Amino acid sequence: MYDFAVVGVGPAGARFARRAADAGYDVLALEKGEVGTPLACSGHVSTDIWEYVPDEARDRLFQNRIYGANFRVGGPDSKAYPFYKQREVSNVIDRVELDRTLADCAREAGADVREGHTVTAVEELDDRVRLTVSVAGEAGTVQFEAKMVAGCDGPTSRVRRALDLPEPSETLHGVLAFDPEPDDGDFVDVHLTVPRFFAWRIPRGDAGVEYGLAAPPGAEVTELFDALTNTYDVETEHFCSGAIPIGPPDRTTTRRAFLVGDAAAQTKPFTGGGILYGMTAADIAAATIDPDDPETLSAYESAWRDELSREIRLGHLVRRCYSFPEWLQRVGLRSLSGEIGVHMDKPSSFFSREHLKKLL
Ligand SMILES: Cc1cc2nc3c(=O)[nH]c(=O)nc-3n(C[C@H](O)[C@H](O)[C@H](O)COP(=O)(O)OP(=O)(O)OC[C@H]3O[C@@H](n4cnc5c(N)ncnc54)[C@H](O)[C@@H]3O)c2cc1C
């Protein structure tokens, strides 16, 4: 029997598997497909990302350096309100390579990482959990047992549903596609043209330019995407689509299970970004949870909320501005734009001395 079974080897699952294996636990990590695929993410992250990957991976992952964002109330011809720093704010990275690198780190730490393993059922027993798994290319199913299960299986988490944990309060639909023309521009473009969220253009260096958007259910995402690329007059390829959970729900643990990453809606409500919040929570899980002591799950539940809840709450407030009437958005953007001192993962840094100085 394993100490931990991890379902899903995205950033959250790979990071938890690595840290738990580092701590000496027996870890089985199951990924339904091939790690990193299919892609459904921009890989636009704060420079904090480099704390989570080995130095030698940097050149392989890095695509472009971003210094700021041009916000617009309309399309590319409308007035731009720039928000920027003198130094880099964020990086654009190869998300598929990120996942592969993180999974390799978990393997090197001693976790048993298996691809082509889809978890189809999760049973929570008194002293263990039992997973039913279908293995690619094999008939029937196999079972694995562990003292605890980590549900790191993304926005539509099977672990969450199997164990009747509450769903995130909202799930957005995100889409993106690429124009292969290289662009090493310094700014991303943000268009507040989508109901309750935004559309974006991200220069990815030699990897081309990404166009994307996310919107709440009911919005015609494909039509909105076509409108975006038409206004830029570009043809795109490699269309990708994914869900972005916004929440988080009130409870992310049971007696022998816990959720990490998108499964727990540990995302930024104002951008949908979840790579760094998920890995932050994964580190907290590895530091607080003892598979022999189910009581420690409540320590995880409160510790990750202590770390992320304030930022998530403030992120919800930022997101509300996307629904302001256009005239008010213009007034807000005009008064706040310019040089900033904000950390892109921490809305609380809006109140930091560095940012207030820039604002004044
Ligand atoms: C369009 C779009 C753009 C985005 N852009 C950004 C961005 O720029 N920056 C950012 O920080 N975030 C971004 N995000 C969000 C980001 O992709 C997620 O927050 C992040 O991937 C969450 O990591 P995770 O490990 O929790 O889940 P995932 O990355 O979803 O990983 C879950 C893994 O579990 C596997 N799995 C699922 N079910 C099973 C099962 N039954 N058995 C076994 N394996 C299973 C999946 O195959 C997957 O590999 C974006 C999301 C979308 C949709």
# chains A, B, ... in the order shown; residues from 1 in each chain; ligands from 1
>>> select_by_dssp(residues="segment 77-314 of chain A", states="strand (DSSP E)", output="ChimeraX atom specification")
/A:81-84,90-93,112-114,117-124,129-135,142-151,170-179,187-194,197-203,209-215,237-246,257-259
>>> residues_near_ligand(ligand="ligand 1", cutoff="7 Å", atoms="only C-alpha atoms and all ligand atoms", output="PyMOL selection string")
chain A and resi 7-13+30-33+35-37+40-45+117-120+152-155+157-158+173-176+212-214+241-244+260-263+267+272-276+278
>>> closest_residue(among="A:Leu98, A:Glu223, A:Cys240, A:Glu326", to="Arg60 of chain A", atoms="only C-alpha atoms")
A:Leu98
>>> closest_residue(among="A:Val89, A:Met1, A:Ala14, A:Ile246", to="Asp104 of chain A", atoms="only C-alpha atoms")
A:Ala14
>>> select_by_dssp(residues="segment 85-329 of chain A", states="helix (DSSP H, G or I)", output="ChimeraX atom specification")
/A:95-109,158-162,221-232,261-264,275-288,296-323,326-329
>>> residues_around(residues="segment 128-132 of chain A", least_positions_apart="5", cutoff="7 Å", atoms="only C-alpha atoms", output="list in words")
Val119, Thr120, Ala121, Val122, Glu123, Thr141, Val142, Gln143, Phe144, Glu145, Ala146, Lys147, Met148, Val149 and Arg256 of chain A
>>> residues_around(residues="Arg72 of chain A", least_positions_apart="6", cutoff="8 Å", atoms="only C-alpha atoms", output="list of chain:residue names")
A:Ser78, A:Lys79, A:Ala80, A:Tyr81, A:Asp189, A:Val190, A:His191, A:Leu192
>>> decode(residues="segment 43-185 of chain A", atoms="C-alpha atoms", output="PDB file, in the first residue's frame")
ATOM      1  CA  GLY A  43       1.941  29.492 -19.548  1.00  0.00           C
ATOM      2  CA  HIS A  44       2.060  33.190 -18.617  1.00  0.00           C
ATOM      3  CA  VAL A  45       3.461  33.223 -15.110  1.00  0.00           C
ATOM      4  CA  SER A  46       5.257  35.441 -12.628  1.00  0.00           C
ATOM      5  CA  THR A  47       9.010  34.956 -12.397  1.00  0.00           C
ATOM      6  CA  ASP A  48       8.363  33.007  -9.155  1.00  0.00           C
ATOM      7  CA  ILE A  49       8.022  29.988 -11.453  1.00  0.00           C
ATOM      8  CA  TRP A  50      11.800  29.586 -11.502  1.00  0.00           C
ATOM      9  CA  GLU A  51      11.774  28.607  -7.821  1.00  0.00           C
ATOM     10  CA  TYR A  52       9.935  25.425  -8.796  1.00  0.00           C
ATOM     11  CA  VAL A  53      12.086  24.097 -11.626  1.00  0.00           C
ATOM     12  CA  PRO A  54      15.778  23.165 -11.823  1.00  0.00           C
ATOM     13  CA  ASP A  55      18.080  25.848 -13.258  1.00  0.00           C
ATOM     14  CA  GLU A  56      19.047  23.636 -16.174  1.00  0.00           C
ATOM     15  CA  ALA A  57      15.400  23.622 -17.373  1.00  0.00           C
ATOM     16  CA  ARG A  58      15.211  27.398 -17.726  1.00  0.00           C
ATOM     17  CA  ASP A  59      16.432  27.653 -21.336  1.00  0.00           C
ATOM     18  CA  ARG A  60      14.123  24.844 -22.412  1.00  0.00           C
ATOM     19  CA  LEU A  61      11.042  26.436 -20.834  1.00  0.00           C
ATOM     20  CA  PHE A  62      11.594  30.157 -21.362  1.00  0.00           C
ATOM     21  CA  GLN A  63       9.870  31.818 -24.340  1.00  0.00           C
ATOM     22  CA  ASN A  64       9.514  35.542 -23.638  1.00  0.00           C
ATOM     23  CA  ARG A  65       9.974  38.256 -21.019  1.00  0.00           C
ATOM     24  CA  ILE A  66       7.005  40.533 -20.287  1.00  0.00           C
ATOM     25  CA  TYR A  67       7.272  44.008 -18.757  1.00  0.00           C
ATOM     26  CA  GLY A  68       3.620  44.995 -18.679  1.00  0.00           C
ATOM     27  CA  ALA A  69       0.125  44.886 -20.125  1.00  0.00           C
ATOM     28  CA  ASN A  70      -1.765  47.231 -22.413  1.00  0.00           C
ATOM     29  CA  PHE A  71      -5.368  47.284 -21.197  1.00  0.00           C
ATOM     30  CA  ARG A  72      -8.058  48.285 -23.673  1.00  0.00           C
ATOM     31  CA  VAL A  73     -11.795  48.726 -23.275  1.00  0.00           C
ATOM     32  CA  GLY A  74     -12.224  47.854 -26.966  1.00  0.00           C
ATOM     33  CA  GLY A  75     -10.252  46.159 -29.752  1.00  0.00           C
ATOM     34  CA  PRO A  76      -6.636  46.660 -30.855  1.00  0.00           C
ATOM     35  CA  ASP A  77      -7.424  50.099 -32.360  1.00  0.00           C
ATOM     36  CA  SER A  78      -8.880  51.476 -29.130  1.00  0.00           C
ATOM     37  CA  LYS A  79      -6.810  53.498 -26.655  1.00  0.00           C
ATOM     38  CA  ALA A  80      -4.217  51.496 -24.722  1.00  0.00           C
ATOM     39  CA  TYR A  81      -3.757  52.009 -20.980  1.00  0.00           C
ATOM     40  CA  PRO A  82      -0.296  50.607 -20.173  1.00  0.00           C
ATOM     41  CA  PHE A  83       0.563  49.066 -16.798  1.00  0.00           C
ATOM     42  CA  TYR A  84       4.262  48.256 -16.581  1.00  0.00           C
ATOM     43  CA  LYS A  85       7.420  47.851 -14.550  1.00  0.00           C
ATOM     44  CA  GLN A  86      10.978  48.840 -15.451  1.00  0.00           C
ATOM     45  CA  ARG A  87      11.983  45.227 -14.810  1.00  0.00           C
ATOM     46  CA  GLU A  88      10.257  42.063 -16.025  1.00  0.00           C
ATOM     47  CA  VAL A  89       6.856  41.361 -14.495  1.00  0.00           C
ATOM     48  CA  SER A  90       6.322  37.893 -15.863  1.00  0.00           C
ATOM     49  CA  ASN A  91       7.545  35.276 -18.304  1.00  0.00           C
ATOM     50  CA  VAL A  92       5.886  33.287 -21.020  1.00  0.00           C
ATOM     51  CA  ILE A  93       6.942  29.656 -20.804  1.00  0.00           C
ATOM     52  CA  ASP A  94       6.411  26.390 -22.657  1.00  0.00           C
ATOM     53  CA  ARG A  95       3.638  24.851 -20.583  1.00  0.00           C
ATOM     54  CA  VAL A  96       4.006  21.327 -22.002  1.00  0.00           C
ATOM     55  CA  GLU A  97       7.707  21.331 -21.098  1.00  0.00           C
ATOM     56  CA  LEU A  98       6.884  22.728 -17.664  1.00  0.00           C
ATOM     57  CA  ASP A  99       4.663  19.739 -16.878  1.00  0.00           C
ATOM     58  CA  ARG A 100       7.253  17.282 -18.203  1.00  0.00           C
ATOM     59  CA  THR A 101       9.988  18.924 -16.151  1.00  0.00           C
ATOM     60  CA  LEU A 102       7.909  18.865 -12.971  1.00  0.00           C
ATOM     61  CA  ALA A 103       7.000  15.207 -13.549  1.00  0.00           C
ATOM     62  CA  ASP A 104      10.692  14.351 -14.037  1.00  0.00           C
ATOM     63  CA  CYS A 105      11.472  16.103 -10.742  1.00  0.00           C
ATOM     64  CA  ALA A 106       8.836  13.922  -9.049  1.00  0.00           C
ATOM     65  CA  ARG A 107      10.350  10.770 -10.595  1.00  0.00           C
ATOM     66  CA  GLU A 108      13.850  11.781  -9.522  1.00  0.00           C
ATOM     67  CA  ALA A 109      12.594  12.316  -5.973  1.00  0.00           C
ATOM     68  CA  GLY A 110      11.365   8.696  -6.007  1.00  0.00           C
ATOM     69  CA  ALA A 111       7.672   8.988  -6.871  1.00  0.00           C
ATOM     70  CA  ASP A 112       6.238   6.219  -9.045  1.00  0.00           C
ATOM     71  CA  VAL A 113       4.803   8.338 -11.890  1.00  0.00           C
ATOM     72  CA  ARG A 114       2.718   6.400 -14.429  1.00  0.00           C
ATOM     73  CA  GLU A 115       1.228   7.802 -17.616  1.00  0.00           C
ATOM     74  CA  GLY A 116      -1.698   6.248 -19.477  1.00  0.00           C
ATOM     75  CA  HIS A 117      -3.428   5.475 -16.141  1.00  0.00           C
ATOM     76  CA  THR A 118      -6.971   6.852 -15.854  1.00  0.00           C
ATOM     77  CA  VAL A 119      -8.556   6.741 -12.415  1.00  0.00           C
ATOM     78  CA  THR A 120     -12.170   5.719 -12.945  1.00  0.00           C
ATOM     79  CA  ALA A 121     -13.338   5.261  -9.340  1.00  0.00           C
ATOM     80  CA  VAL A 122     -12.236   6.268  -5.858  1.00  0.00           C
ATOM     81  CA  GLU A 123     -13.478   4.552  -2.703  1.00  0.00           C
ATOM     82  CA  GLU A 124     -12.707   5.884   0.720  1.00  0.00           C
ATOM     83  CA  LEU A 125     -12.476   3.085   3.319  1.00  0.00           C
ATOM     84  CA  ASP A 126     -11.832   3.372   7.061  1.00  0.00           C
ATOM     85  CA  ASP A 127      -8.090   2.953   6.909  1.00  0.00           C
ATOM     86  CA  ARG A 128      -7.268   3.462   3.216  1.00  0.00           C
ATOM     87  CA  VAL A 129      -8.443   4.574  -0.194  1.00  0.00           C
ATOM     88  CA  ARG A 130      -8.904   2.273  -3.164  1.00  0.00           C
ATOM     89  CA  LEU A 131      -8.510   3.516  -6.731  1.00  0.00           C
ATOM     90  CA  THR A 132      -9.823   1.739  -9.780  1.00  0.00           C
ATOM     91  CA  VAL A 133      -7.675   2.479 -12.768  1.00  0.00           C
ATOM     92  CA  SER A 134      -7.909   1.775 -16.459  1.00  0.00           C
ATOM     93  CA  VAL A 135      -4.524   1.400 -18.140  1.00  0.00           C
ATOM     94  CA  ALA A 136      -4.039   2.513 -21.752  1.00  0.00           C
ATOM     95  CA  GLY A 137      -3.771  -0.456 -24.110  1.00  0.00           C
ATOM     96  CA  GLU A 138      -4.890  -3.013 -21.497  1.00  0.00           C
ATOM     97  CA  ALA A 139      -8.276  -4.651 -21.048  1.00  0.00           C
ATOM     98  CA  GLY A 140     -10.134  -4.380 -17.721  1.00  0.00           C
ATOM     99  CA  THR A 141      -9.075  -2.352 -14.719  1.00  0.00           C
ATOM    100  CA  VAL A 142      -6.513  -2.575 -11.922  1.00  0.00           C
ATOM    101  CA  GLN A 143      -6.761  -1.389  -8.342  1.00  0.00           C
ATOM    102  CA  PHE A 144      -4.311   0.479  -6.162  1.00  0.00           C
ATOM    103  CA  GLU A 145      -4.499   1.234  -2.462  1.00  0.00           C
ATOM    104  CA  ALA A 146      -3.019   4.092  -0.501  1.00  0.00           C
ATOM    105  CA  LYS A 147      -3.397   5.613   2.919  1.00  0.00           C
ATOM    106  CA  MET A 148      -4.560   8.868   1.327  1.00  0.00           C
ATOM    107  CA  VAL A 149      -5.447  10.222  -2.092  1.00  0.00           C
ATOM    108  CA  ALA A 150      -4.493  13.632  -3.472  1.00  0.00           C
ATOM    109  CA  GLY A 151      -7.021  14.826  -6.064  1.00  0.00           C
ATOM    110  CA  CYS A 152      -4.834  16.891  -8.402  1.00  0.00           C
ATOM    111  CA  ASP A 153      -6.961  16.049 -11.404  1.00  0.00           C
ATOM    112  CA  GLY A 154      -7.829  19.515 -12.610  1.00  0.00           C
ATOM    113  CA  PRO A 155     -11.000  21.567 -13.017  1.00  0.00           C
ATOM    114  CA  THR A 156     -13.407  18.677 -13.620  1.00  0.00           C
ATOM    115  CA  SER A 157     -11.850  16.526 -10.883  1.00  0.00           C
ATOM    116  CA  ARG A 158     -13.140  12.977 -10.697  1.00  0.00           C
ATOM    117  CA  VAL A 159     -11.820  12.647  -7.142  1.00  0.00           C
ATOM    118  CA  ARG A 160     -13.895  15.675  -6.111  1.00  0.00           C
ATOM    119  CA  ARG A 161     -17.052  14.198  -7.629  1.00  0.00           C
ATOM    120  CA  ALA A 162     -16.433  10.635  -6.421  1.00  0.00           C
ATOM    121  CA  LEU A 163     -16.088  11.827  -2.840  1.00  0.00           C
ATOM    122  CA  ASP A 164     -18.953  14.329  -2.962  1.00  0.00           C
ATOM    123  CA  LEU A 165     -16.783  17.340  -2.310  1.00  0.00           C
ATOM    124  CA  PRO A 166     -18.382  20.657  -3.302  1.00  0.00           C
ATOM    125  CA  GLU A 167     -17.863  22.071  -6.795  1.00  0.00           C
ATOM    126  CA  PRO A 168     -16.190  25.458  -7.394  1.00  0.00           C
ATOM    127  CA  SER A 169     -18.673  28.323  -7.489  1.00  0.00           C
ATOM    128  CA  GLU A 170     -18.034  29.032 -11.182  1.00  0.00           C
ATOM    129  CA  THR A 171     -16.238  27.482 -14.156  1.00  0.00           C
ATOM    130  CA  LEU A 172     -15.116  29.668 -17.055  1.00  0.00           C
ATOM    131  CA  HIS A 173     -14.495  28.384 -20.556  1.00  0.00           C
ATOM    132  CA  GLY A 174     -11.043  29.371 -21.865  1.00  0.00           C
ATOM    133  CA  VAL A 175      -9.840  29.112 -25.475  1.00  0.00           C
ATOM    134  CA  LEU A 176      -6.621  29.989 -27.226  1.00  0.00           C
ATOM    135  CA  ALA A 177      -4.799  29.539 -30.541  1.00  0.00           C
ATOM    136  CA  PHE A 178      -1.545  30.620 -32.133  1.00  0.00           C
ATOM    137  CA  ASP A 179      -0.220  32.699 -35.004  1.00  0.00           C
ATOM    138  CA  PRO A 180       3.245  31.224 -35.748  1.00  0.00           C
ATOM    139  CA  GLU A 181       4.786  34.624 -36.666  1.00  0.00           C
ATOM    140  CA  PRO A 182       7.562  35.258 -34.065  1.00  0.00           C
ATOM    141  CA  ASP A 183       7.037  38.230 -31.746  1.00  0.00           C
ATOM    142  CA  ASP A 184       9.296  39.115 -28.837  1.00  0.00           C
ATOM    143  CA  GLY A 185       7.265  42.165 -27.772  1.00  0.00           C
TER     144      GLY A 185
END
